[in-house]
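Trainee: run_0.txt is reproduced in full below (compact mmCIF, C-alpha atoms).
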# COMPACT_ATOMS: atom_id res chain seq x y z
CA MET U 1 -7.36 19.73 13.59
CA ASN U 2 -3.58 19.46 13.95
CA ASN U 3 -1.13 20.77 11.36
CA VAL U 4 -1.18 18.71 8.16
CA TRP U 5 2.47 19.50 7.40
CA ILE U 6 3.60 18.09 10.75
CA TYR U 7 1.59 14.94 10.05
CA LEU U 8 3.28 14.64 6.66
CA ALA U 9 6.73 15.20 8.18
CA VAL U 10 6.10 12.43 10.74
CA MET U 11 4.80 10.12 8.01
CA PHE U 12 7.83 10.77 5.80
CA GLY U 13 10.31 10.34 8.66
CA VAL U 14 8.90 6.93 9.58
CA VAL U 15 8.31 5.56 6.08
CA TYR U 16 11.77 6.63 4.91
CA ALA U 17 13.42 5.06 7.96
CA VAL U 18 11.54 1.80 7.34
CA ARG U 19 12.82 1.69 3.76
CA VAL U 20 16.35 2.89 4.17
CA LEU U 21 17.56 1.37 7.46
CA PRO U 22 17.64 -2.22 6.15
CA LEU U 23 19.74 -0.99 3.23
CA LEU U 24 22.26 0.53 5.65
CA ILE U 25 22.33 -2.19 8.31
CA ARG U 26 23.47 -5.37 6.64
CA LYS U 27 22.79 -7.79 9.50
CA PRO U 28 19.93 -10.21 8.81
CA ILE U 29 17.10 -10.62 11.35
CA ARG U 30 17.72 -13.81 13.34
CA SER U 31 14.59 -14.16 15.50
CA ARG U 32 12.25 -16.63 13.87
CA PHE U 33 9.23 -15.06 15.56
CA LEU U 34 10.16 -11.58 14.33
CA ARG U 35 10.78 -12.82 10.80
CA SER U 36 7.41 -14.61 10.80
CA PHE U 37 5.69 -11.56 12.27
CA LEU U 38 7.14 -9.29 9.58
CA TYR U 39 6.15 -11.82 6.94
CA TYR U 40 2.47 -11.84 7.98
CA VAL U 41 2.04 -8.12 8.77
CA PRO U 42 1.59 -6.75 5.22
CA TYR U 43 -1.18 -9.17 4.23
CA ILE U 44 -3.10 -8.84 7.47
CA THR U 45 -2.91 -5.05 7.58
CA LEU U 46 -4.14 -4.74 3.98
CA ALA U 47 -7.04 -7.11 4.74
CA VAL U 48 -7.95 -5.11 7.84
CA MET U 49 -7.88 -1.83 5.91
CA THR U 50 -9.99 -3.17 3.04
CA VAL U 51 -12.94 -4.30 5.17
CA PRO U 52 -15.18 -2.55 6.15
CA SER U 53 -13.88 0.57 4.31
CA ILE U 54 -14.69 -0.85 0.87
CA PHE U 55 -18.40 -0.93 1.87
CA GLU U 56 -18.27 2.67 3.05
CA VAL U 57 -16.57 4.54 0.21
CA THR U 58 -19.20 3.66 -2.40
CA GLN U 59 -22.67 5.19 -2.57
CA SER U 60 -24.23 1.77 -2.04
CA PRO U 61 -22.62 -0.71 0.40
CA ILE U 62 -23.89 -3.56 -1.83
CA ALA U 63 -21.76 -2.23 -4.71
CA GLY U 64 -18.76 -2.10 -2.36
CA ALA U 65 -19.37 -5.70 -1.29
CA ALA U 66 -19.61 -6.75 -4.94
CA ALA U 67 -16.31 -4.99 -5.66
CA LEU U 68 -14.70 -6.99 -2.83
CA VAL U 69 -15.92 -10.30 -4.28
CA VAL U 70 -15.02 -9.40 -7.87
CA GLY U 71 -11.58 -8.14 -6.79
CA ILE U 72 -10.84 -11.37 -4.92
CA VAL U 73 -11.97 -13.51 -7.87
CA ALA U 74 -10.01 -11.45 -10.42
CA ALA U 75 -6.83 -11.59 -8.33
CA TRP U 76 -7.38 -15.32 -7.70
CA LEU U 77 -7.52 -15.86 -11.47
CA GLY U 78 -4.15 -14.13 -11.78
CA ALA U 79 -5.05 -10.58 -12.83
CA GLY U 80 -2.41 -7.95 -11.98
CA LEU U 81 -2.65 -4.82 -9.84
CA PHE U 82 -4.11 -2.51 -12.43
CA PRO U 83 -6.63 -4.96 -14.01
CA VAL U 84 -7.98 -5.94 -10.57
CA ALA U 85 -8.45 -2.27 -9.68
CA LEU U 86 -10.28 -1.72 -13.00
CA CYS U 87 -12.60 -4.69 -12.42
CA CYS U 88 -13.55 -3.33 -8.99
CA CYS U 89 -14.29 0.14 -10.41
CA GLY U 90 -16.29 -1.39 -13.28
CA VAL U 91 -18.55 -3.51 -11.09
CA VAL U 92 -19.33 -0.57 -8.79
CA PHE U 93 -20.16 1.66 -11.74
CA LEU U 94 -22.45 -0.93 -13.37
CA LEU U 95 -24.25 -1.95 -10.16
CA GLU U 96 -24.86 1.62 -9.07
CA LEU U 97 -26.55 2.37 -12.40
CA PHE U 98 -29.34 0.11 -11.05
CA LEU U 99 -28.97 0.57 -7.29
CA ILE U 100 -28.79 4.39 -7.35
CA PRO U 101 -31.31 5.59 -9.92
CA MET R 102 21.11 -4.28 -31.36
CA LYS R 103 22.57 -1.80 -28.96
CA ARG R 104 21.94 -2.62 -25.32
CA LEU R 105 20.02 0.07 -23.49
CA SER R 106 21.72 1.79 -20.58
CA PRO R 107 20.43 0.76 -17.14
CA PHE R 108 18.93 4.20 -16.64
CA VAL R 109 16.89 4.02 -19.87
CA ARG R 110 15.81 0.45 -19.13
CA GLY R 111 14.63 1.63 -15.73
CA MET R 112 12.60 4.41 -17.32
CA ARG R 113 11.09 1.98 -19.84
CA ASP R 114 10.06 -0.47 -17.08
CA GLY R 115 8.74 2.46 -15.07
CA VAL R 116 6.16 3.45 -17.72
CA PRO R 117 3.54 0.72 -17.12
CA ILE R 118 4.02 1.14 -13.38
CA GLY R 119 3.59 4.91 -13.71
CA LEU R 120 0.35 4.49 -15.67
CA GLY R 121 -1.07 2.18 -13.02
CA TYR R 122 0.06 4.60 -10.32
CA LEU R 123 -1.66 7.50 -12.08
CA ALA R 124 -5.00 5.67 -11.92
CA VAL R 125 -4.74 4.32 -8.40
CA SER R 126 -3.38 7.52 -6.87
CA PHE R 127 -6.38 9.31 -8.38
CA SER R 128 -8.48 7.22 -6.03
CA LEU R 129 -6.14 8.17 -3.20
CA GLY R 130 -6.67 11.84 -4.14
CA ILE R 131 -10.40 11.43 -3.57
CA ALA R 132 -9.65 10.26 -0.02
CA VAL R 133 -7.27 13.21 0.41
CA LYS R 134 -10.03 15.60 -0.58
CA ASN R 135 -12.50 13.94 1.80
CA ALA R 136 -10.02 14.52 4.63
CA GLY R 137 -10.14 18.24 3.89
CA MET R 138 -6.63 18.46 2.46
CA THR R 139 -5.58 20.50 -0.58
CA ALA R 140 -4.28 19.21 -3.93
CA TRP R 141 -0.83 20.59 -3.08
CA GLN R 142 -0.82 18.74 0.26
CA GLY R 143 -1.89 15.57 -1.58
CA PHE R 144 0.91 16.06 -4.12
CA VAL R 145 3.55 16.49 -1.42
CA MET R 146 2.14 13.61 0.61
CA SER R 147 2.38 11.22 -2.32
CA TRP R 148 5.80 12.48 -3.42
CA LEU R 149 7.12 11.80 0.09
CA GLY R 150 5.04 8.75 0.97
CA MET R 151 5.12 6.57 -2.17
CA ALA R 152 2.75 4.08 -0.53
CA SER R 153 -0.89 3.23 -1.17
CA ALA R 154 -1.90 1.55 2.07
CA GLY R 155 0.44 3.69 4.16
CA GLU R 156 -0.87 6.93 2.72
CA TYR R 157 -4.46 5.83 2.95
CA ALA R 158 -3.98 5.07 6.64
CA ALA R 159 -2.19 8.41 7.08
CA ILE R 160 -5.13 10.23 5.49
CA GLU R 161 -7.48 8.55 7.98
CA VAL R 162 -5.25 9.73 10.83
CA ILE R 163 -5.31 13.31 9.52
CA ARG R 164 -9.05 13.20 8.96
CA ALA R 165 -9.59 12.01 12.54
CA GLY R 166 -7.24 14.69 13.89
CA ALA R 167 -5.49 11.94 15.87
CA PRO R 168 -2.30 12.63 17.84
CA TYR R 169 1.03 12.74 15.97
CA TRP R 170 2.32 9.61 17.71
CA GLU R 171 -0.58 7.68 16.17
CA MET R 172 0.65 8.81 12.75
CA ALA R 173 4.10 7.42 13.58
CA ILE R 174 2.78 4.03 14.72
CA ILE R 175 0.26 3.56 11.92
CA THR R 176 2.90 4.52 9.34
CA LEU R 177 5.23 1.96 10.86
CA VAL R 178 2.61 -0.80 10.81
CA THR R 179 1.17 -0.14 7.36
CA ASN R 180 4.62 0.14 5.80
CA ALA R 181 6.29 -2.70 7.70
CA ARG R 182 6.39 -4.77 4.54
CA TYR R 183 8.91 -2.35 3.04
CA LEU R 184 11.25 -3.26 5.86
CA LEU R 185 11.22 -6.82 4.54
CA MET R 186 11.58 -5.72 0.93
CA SER R 187 14.51 -3.48 1.75
CA PHE R 188 16.18 -6.33 3.64
CA ALA R 189 15.76 -8.51 0.55
CA LEU R 190 16.99 -5.70 -1.71
CA SER R 191 20.04 -5.08 0.51
CA GLN R 192 21.23 -8.59 -0.38
CA ARG R 193 21.20 -7.64 -4.08
CA LEU R 194 23.43 -4.57 -3.76
CA ASP R 195 27.15 -4.48 -4.32
CA PRO R 196 28.56 -4.67 -0.76
CA LYS R 197 30.89 -1.82 -1.69
CA LEU R 198 28.04 0.43 -2.82
CA GLY R 199 28.32 3.82 -1.08
CA ILE R 200 25.89 5.23 1.45
CA GLY R 201 24.67 7.95 -0.96
CA HIS R 202 23.28 5.37 -3.39
CA ARG R 203 21.78 3.39 -0.52
CA LEU R 204 19.98 6.48 0.76
CA LEU R 205 18.57 7.16 -2.72
CA ILE R 206 17.50 3.59 -3.53
CA GLY R 207 15.70 3.44 -0.19
CA TYR R 208 13.58 6.42 -1.11
CA SER R 209 11.08 4.55 -3.21
CA VAL R 210 10.95 0.87 -2.31
CA THR R 211 7.32 0.09 -3.25
CA ASP R 212 5.66 -3.23 -4.13
CA GLU R 213 6.00 -2.61 -7.86
CA LEU R 214 9.39 -0.87 -7.96
CA PHE R 215 10.80 -3.52 -5.63
CA GLY R 216 9.32 -6.14 -7.97
CA ILE R 217 11.15 -4.90 -11.06
CA SER R 218 14.37 -4.17 -9.13
CA ILE R 219 14.55 -7.65 -7.65
CA ALA R 220 14.10 -9.10 -11.16
CA GLN R 221 17.39 -7.46 -12.29
CA GLU R 222 20.79 -9.11 -12.27
CA THR R 223 22.80 -9.00 -9.03
CA PRO R 224 24.41 -6.65 -8.14
CA LEU R 225 21.64 -4.20 -8.81
CA VAL R 226 22.73 -1.12 -10.77
CA PRO R 227 21.40 1.94 -8.84
CA ARG R 228 20.82 3.88 -12.07
CA TYR R 229 18.20 1.30 -13.11
CA CYS R 230 16.19 2.19 -9.99
CA TYR R 231 16.64 5.90 -10.57
CA GLY R 232 15.25 5.62 -14.11
CA ALA R 233 12.16 3.79 -12.86
CA TYR R 234 11.72 6.15 -9.90
CA LEU R 235 11.95 9.21 -12.15
CA VAL R 236 8.94 7.99 -14.14
CA ALA R 237 6.88 6.43 -11.36
CA ILE R 238 7.16 9.03 -8.58
CA PRO R 239 5.83 12.03 -10.58
CA CYS R 240 2.94 9.87 -11.85
CA TRP R 241 1.99 8.85 -8.32
CA ALA R 242 2.13 12.44 -6.99
CA THR R 243 0.35 13.98 -10.01
CA GLY R 244 -2.43 11.39 -9.91
CA THR R 245 -3.08 12.21 -6.26
CA ALA R 246 -3.31 15.94 -6.97
CA LEU R 247 -5.63 15.27 -9.94
CA GLY R 248 -7.86 13.16 -7.71
CA VAL R 249 -8.23 16.04 -5.26
CA VAL R 250 -9.05 18.53 -8.03
CA ALA R 251 -11.18 16.37 -10.33
CA GLY R 252 -12.97 14.62 -7.47
CA ASN R 253 -15.00 17.87 -7.39
CA LEU R 254 -15.73 17.91 -11.11
CA LEU R 255 -16.65 14.28 -11.71
CA PRO R 256 -20.21 12.97 -11.22
CA ALA R 257 -20.86 11.16 -7.91
CA ARG R 258 -21.20 7.73 -9.54
CA ILE R 259 -17.80 8.04 -11.23
CA VAL R 260 -16.16 9.09 -7.95
CA SER R 261 -17.89 6.20 -6.19
CA ALA R 262 -16.55 3.72 -8.77
CA LEU R 263 -13.01 5.15 -8.73
CA SER R 264 -12.79 5.14 -4.95
CA VAL R 265 -12.59 1.32 -4.86
CA ALA R 266 -9.50 1.24 -7.15
CA LEU R 267 -7.22 1.46 -4.13
CA PHE R 268 -8.88 -1.52 -2.46
CA GLY R 269 -8.68 -3.43 -5.73
CA MET R 270 -4.94 -2.90 -5.63
CA PHE R 271 -4.79 -4.11 -2.01
CA LEU R 272 -6.66 -7.27 -3.04
CA ALA R 273 -4.27 -7.84 -5.94
CA VAL R 274 -1.41 -7.78 -3.41
CA ILE R 275 -2.95 -10.09 -0.78
CA VAL R 276 -4.88 -12.67 -2.82
CA PRO R 277 -2.01 -14.35 -4.77
CA PRO R 278 0.01 -15.19 -1.59
CA ALA R 279 -3.24 -16.21 0.14
CA LYS R 280 -3.87 -18.62 -2.72
CA LYS R 281 -0.37 -20.11 -2.45
CA ASN R 282 -0.16 -20.25 1.35
CA ARG R 283 -3.18 -21.49 3.32
CA ILE R 284 -2.05 -19.81 6.53
CA VAL R 285 -1.85 -16.42 4.83
CA GLY R 286 -5.28 -17.10 3.33
CA LEU R 287 -6.73 -18.01 6.72
CA PHE R 288 -5.35 -14.87 8.36
CA VAL R 289 -6.52 -12.64 5.52
CA LEU R 290 -10.04 -13.98 6.07
CA LEU R 291 -9.67 -13.53 9.84
CA GLY R 292 -8.49 -9.97 9.15
CA PHE R 293 -11.60 -9.23 7.08
CA GLY R 294 -13.89 -10.72 9.73
CA ALA R 295 -12.20 -9.21 12.76
CA SER R 296 -12.03 -5.77 11.18
CA PHE R 297 -15.71 -5.86 10.25
CA ALA R 298 -16.65 -7.03 13.75
CA ALA R 299 -14.42 -4.39 15.36
CA SER R 300 -16.21 -1.64 13.45
CA ARG R 301 -19.55 -2.78 14.92
CA LEU R 302 -18.80 -4.01 18.45
CA PRO R 303 -19.15 -1.69 21.46
CA TRP R 304 -15.99 -0.04 22.87
CA ILE R 305 -13.62 -1.14 20.10
CA SER R 306 -15.75 0.58 17.43
CA SER R 307 -15.28 3.85 19.32
CA LEU R 308 -11.51 3.70 18.70
CA SER R 309 -10.24 5.49 15.59
CA SER R 310 -9.91 3.31 12.50
CA GLY R 311 -6.14 3.82 12.64
CA THR R 312 -5.92 2.46 16.18
CA ARG R 313 -8.14 -0.48 15.24
CA THR R 314 -5.87 -1.25 12.27
CA ILE R 315 -2.77 -1.25 14.50
CA LEU R 316 -4.41 -3.41 17.21
CA LEU R 317 -5.85 -6.00 14.85
CA THR R 318 -2.72 -6.23 12.70
CA VAL R 319 -0.38 -6.69 15.66
CA LEU R 320 -2.68 -9.21 17.39
CA LEU R 321 -3.33 -11.32 14.30
CA ALA R 322 0.25 -11.21 12.98
CA ALA R 323 1.62 -12.13 16.41
CA ALA R 324 -0.83 -15.04 16.62
CA ALA R 325 0.13 -16.19 13.13
CA ALA R 326 3.85 -15.90 13.90
CA ALA R 327 3.48 -17.81 17.20
CA LEU R 328 1.25 -20.57 15.82
CA PHE R 329 2.66 -20.89 12.31
CA PRO R 330 6.26 -19.64 12.19
CA ILE R 331 7.64 -19.48 8.66
CA ARG R 332 10.28 -21.96 7.53
CA GLU R 333 13.79 -20.68 8.04
CA ASP R 334 14.62 -20.82 4.34
CA ALA R 335 11.51 -18.86 3.29
CA ASP R 336 12.72 -15.36 2.55
CA GLU R 337 9.68 -13.91 0.88
How does this structure look as structure tokens?
Mentor:
Amino acid sequence: MNNVWIYLAVMFGVVYAVRVLPLLIRKPIRSRFLRSFLYYVPYITLAVMTVPSIFEVTQSPIAGAAALVVGIVAAWLGAGLFPVALCCCGVVFLLELFLIP
Amino acid sequence: MKRLSPFVRGMRDGVPIGLGYLAVSFSLGIAVKNAGMTAWQGFVMSWLGMASAGEYAAIEVIRAGAPYWEMAIITLVTNARYLLMSFALSQRLDPKLGIGHRLLIGYSVTDELFGISIAQETPLVPRYCYGAYLVAIPCWATGTALGVVAGNLLPARIVSALSVALFGMFLAVIVPPAKKNRIVGLFVLLGFGASFAASRLPWISSLSSGTRTILLTVLLAAAAAALFPIREDADE
């Protein structure tokens, strides 16, 4: 295993640059492709990170799948960040009471 | 009624965000522990990172013992949305605002803190951000450390339930725009499907999950941008 502190330094260097450079450089991005690309990236990367990990972090993959469905429905109905997270936790807890005796 | 100072208003608006952060970062702390990191490392990571998806991806990189350059690329990809947010935020600042304030405001552009900052009058008063940051950042870092420590103490079924909180938050970020914009919705579904397939198919499943995330995100976002470029007036 490599050094955790070096990993964290690399992570901080990149994430801080991403956040602060646009505040320093005041020129807007002109390329339509690049603007579109940057627009789509956050949603796609979050989707890619959610599946299949959500099936793997719970004790039962079925509970993870249920959390995915419930989370999508709750967010679709307009629930905020915290309530959606709570709904997902709740459904996993309840289902695993039956699935994992 | 006396008008609150921007700093105090920032702190007030930071409280609900901080409470949410405390809960979600607890779930992040469980992932930190599973990667073999200490509570102190989790605390520092969250204090510096201030990102749910970005830190989660970083934890996967550390757990896999992947090369440092992979950490740089995955951090860039998973945090690319902050680039957009900071561009939007830069339009709200007083053009004469000094570099010191710009360096500080940039420290903690997150989905939620960006959300409340962008809702303020233009030009944005930096002290409003600082008030909110001062409440939200310690909550995020402390929650992560608590997750590492208490992940050991809590029963397995509680840990199992809490570990999906992070993904719940991801869903809360992606579903509303997917509902409004069919193209985003389509590519979110493609992202789910492609990522699931990639974890099962030969060759690609042998890549680290971080590399798979980079590959799939870049491929799908490039396809979306080429096939369905956004309208020029659409800023967000």
Trainee: Can you measure CA of Met112 in chain R to CA of Val274 in chain R for me? One decimal in Å is fine.
Mentor: 23.2 Å
Trainee: Using all atoms listed in the file, find the residues of chain U whose closest atom to chain R is at most 7 Å away, then write them as number ranges by chain.
Mentor: U: 1-2, 4, 7-8, 10-12, 14-16, 18-20, 22-24, 32-33, 36-38, 40-52, 54, 57-59, 71-72, 75-76, 80-82, 84-86, 88-90, 92-93
Trainee: Work out how far apart CA of Trp5 in chain U and CA of Ile238 in chain R are and give it in Å to one decimal.
Mentor: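 We find that CA of Trp5 in chain U and CA of Ile238 in chain R lie 19.7 Å from each other.
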Trainee: Please compute the CA of Cys230 in chain R-CA of Ser218 in chain R distance, one decimal, in Å.
Mentor: 6.7 Å
Trainee: What's the 7 Å shell around Tyr229 in chain R, counting only C-alpha atoms, without same-chain residues fewer than 2 positions away, as JSON, numbers by chain?
Mentor: {"R": [107, 108, 110, 111, 226, 227, 231, 232, 233]}
Trainee: Give the answer as one residue: which of R:Val250, R:Leu198, R:Ile219, R:Thr245 has the shortest atom-to-atom distance to Leu123 in chain R, using only C-alpha atoms?
Mentor: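 When distances to Leu123 in chain R are compared using only C-alpha atoms, the smallest one comes from R:Thr245.
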Trainee: Find the spatial neighbours of Ala65 in chain U, counting all atoms listed in the file, within a cut-off of 9 Å - ignore same-chain residues fewer than 5 positions away - and output them as a ChimeraX atom specification.
Mentor: /U:54-55,60,70
Trainee: Will you give me range 170-270 of chain R, written with C-alpha atoms and laid out as a CSV table (one decimal), in the first residue's frame?
Mentor:
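Once written, part_35.csv looks like this:
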chain,number,residue,atom,x,y,z
R,170,TRP,CA,-1.7,9.5,-10.9
R,171,GLU,CA,-4.9,7.6,-10.8
R,172,MET,CA,-5.8,9.6,-7.7
R,173,ALA,CA,-5.2,12.8,-9.6
R,174,ILE,CA,-7.4,11.8,-12.6
R,175,ILE,CA,-10.2,10.3,-10.6
R,176,THR,CA,-10.3,13.4,-8.3
R,177,LEU,CA,-10.5,15.5,-11.4
R,178,VAL,CA,-13.3,13.5,-13.0
R,179,THR,CA,-15.4,13.1,-9.8
R,180,ASN,CA,-15.1,16.8,-8.9
R,181,ALA,CA,-15.4,18.2,-12.4
R,182,ARG,CA,-18.8,19.6,-11.5
R,183,TYR,CA,-17.2,22.0,-9.0
R,184,LEU,CA,-15.4,23.5,-12.0
R,185,LEU,CA,-18.8,24.5,-13.4
R,186,MET,CA,-20.1,25.7,-10.1
R,187,SER,CA,-17.0,27.9,-9.5
R,188,PHE,CA,-17.4,29.3,-13.0
R,189,ALA,CA,-21.0,30.2,-12.2
R,190,LEU,CA,-19.9,31.6,-8.8
R,191,SER,CA,-17.2,33.7,-10.3
R,192,GLN,CA,-19.9,35.7,-12.2
R,193,ARG,CA,-21.5,36.6,-8.8
R,194,LEU,CA,-18.3,38.1,-7.2
R,195,ASP,CA,-17.4,41.7,-7.2
R,196,PRO,CA,-14.9,42.0,-10.1
R,197,LYS,CA,-12.7,44.0,-7.8
R,198,LEU,CA,-12.7,41.3,-5.1
R,199,GLY,CA,-9.1,40.5,-4.1
R,200,ILE,CA,-7.3,37.2,-4.7
R,201,GLY,CA,-7.2,36.4,-1.0
R,202,HIS,CA,-11.0,36.2,-0.8
R,203,ARG,CA,-11.1,34.3,-4.1
R,204,LEU,CA,-8.7,31.7,-2.7
R,205,LEU,CA,-10.8,31.3,0.5
R,206,ILE,CA,-14.2,31.1,-1.2
R,207,GLY,CA,-12.8,28.4,-3.6
R,208,TYR,CA,-11.9,26.2,-0.6
R,209,SER,CA,-15.4,24.8,-0.1
R,210,VAL,CA,-17.5,25.0,-3.2
R,211,THR,CA,-19.8,22.0,-2.6
R,212,ASP,CA,-23.3,21.3,-4.0
R,213,GLU,CA,-25.0,22.6,-0.9
R,214,LEU,CA,-22.7,25.5,-0.1
R,215,PHE,CA,-22.8,26.6,-3.7
R,216,GLY,CA,-26.6,26.3,-3.6
R,217,ILE,CA,-27.0,28.8,-0.7
R,218,SER,CA,-24.3,31.1,-2.0
R,219,ILE,CA,-25.8,31.4,-5.5
R,220,ALA,CA,-29.1,32.2,-3.8
R,221,GLN,CA,-27.6,35.4,-2.3
R,222,GLU,CA,-27.7,38.9,-3.8
R,223,THR,CA,-25.0,39.8,-6.3
R,224,PRO,CA,-22.2,40.6,-5.6
R,225,LEU,CA,-21.8,37.8,-3.1
R,226,VAL,CA,-20.4,38.9,0.3
R,227,PRO,CA,-17.4,36.6,1.1
R,228,ARG,CA,-18.2,36.7,4.8
R,229,TYR,CA,-21.5,35.0,4.1
R,230,CYS,CA,-19.6,32.0,2.7
R,231,TYR,CA,-17.2,32.0,5.6
R,232,GLY,CA,-20.0,31.8,8.1
R,233,ALA,CA,-21.5,28.8,6.3
R,234,TYR,CA,-18.1,27.2,5.8
R,235,LEU,CA,-17.2,27.5,9.5
R,236,VAL,CA,-20.3,25.5,10.4
R,237,ALA,CA,-20.4,23.0,7.6
R,238,ILE,CA,-16.7,22.0,7.3
R,239,PRO,CA,-16.2,20.9,10.9
R,240,CYS,CA,-19.5,18.9,10.7
R,241,TRP,CA,-18.3,17.1,7.6
R,242,ALA,CA,-14.9,16.2,9.0
R,243,THR,CA,-16.2,15.2,12.5
R,244,GLY,CA,-18.9,13.0,11.0
R,245,THR,CA,-16.3,11.2,8.9
R,246,ALA,CA,-14.1,10.5,12.0
R,247,LEU,CA,-17.1,9.4,14.0
R,248,GLY,CA,-18.0,6.9,11.2
R,249,VAL,CA,-14.5,5.4,11.4
R,250,VAL,CA,-14.7,5.0,15.2
R,251,ALA,CA,-18.4,4.1,15.6
R,252,GLY,CA,-18.4,1.8,12.6
R,253,ASN,CA,-16.7,-0.6,14.9
R,254,LEU,CA,-19.2,-0.2,17.8
R,255,LEU,CA,-22.5,-0.3,15.9
R,256,PRO,CA,-24.2,-3.6,15.0
R,257,ALA,CA,-23.7,-4.9,11.5
R,258,ARG,CA,-27.3,-4.2,10.4
R,259,ILE,CA,-27.0,-0.5,11.4
R,260,VAL,CA,-23.7,-0.1,9.6
R,261,SER,CA,-25.3,-1.8,6.5
R,262,ALA,CA,-28.2,0.6,6.6
R,263,LEU,CA,-26.0,3.7,7.1
R,264,SER,CA,-23.7,2.8,4.3
R,265,VAL,CA,-26.3,3.6,1.7
R,266,ALA,CA,-26.8,7.2,2.9
R,267,LEU,CA,-24.0,8.4,0.6
R,268,PHE,CA,-25.7,6.8,-2.4
R,269,GLY,CA,-29.0,8.3,-1.4
R,270,MET,CA,-27.4,11.7,-1.5
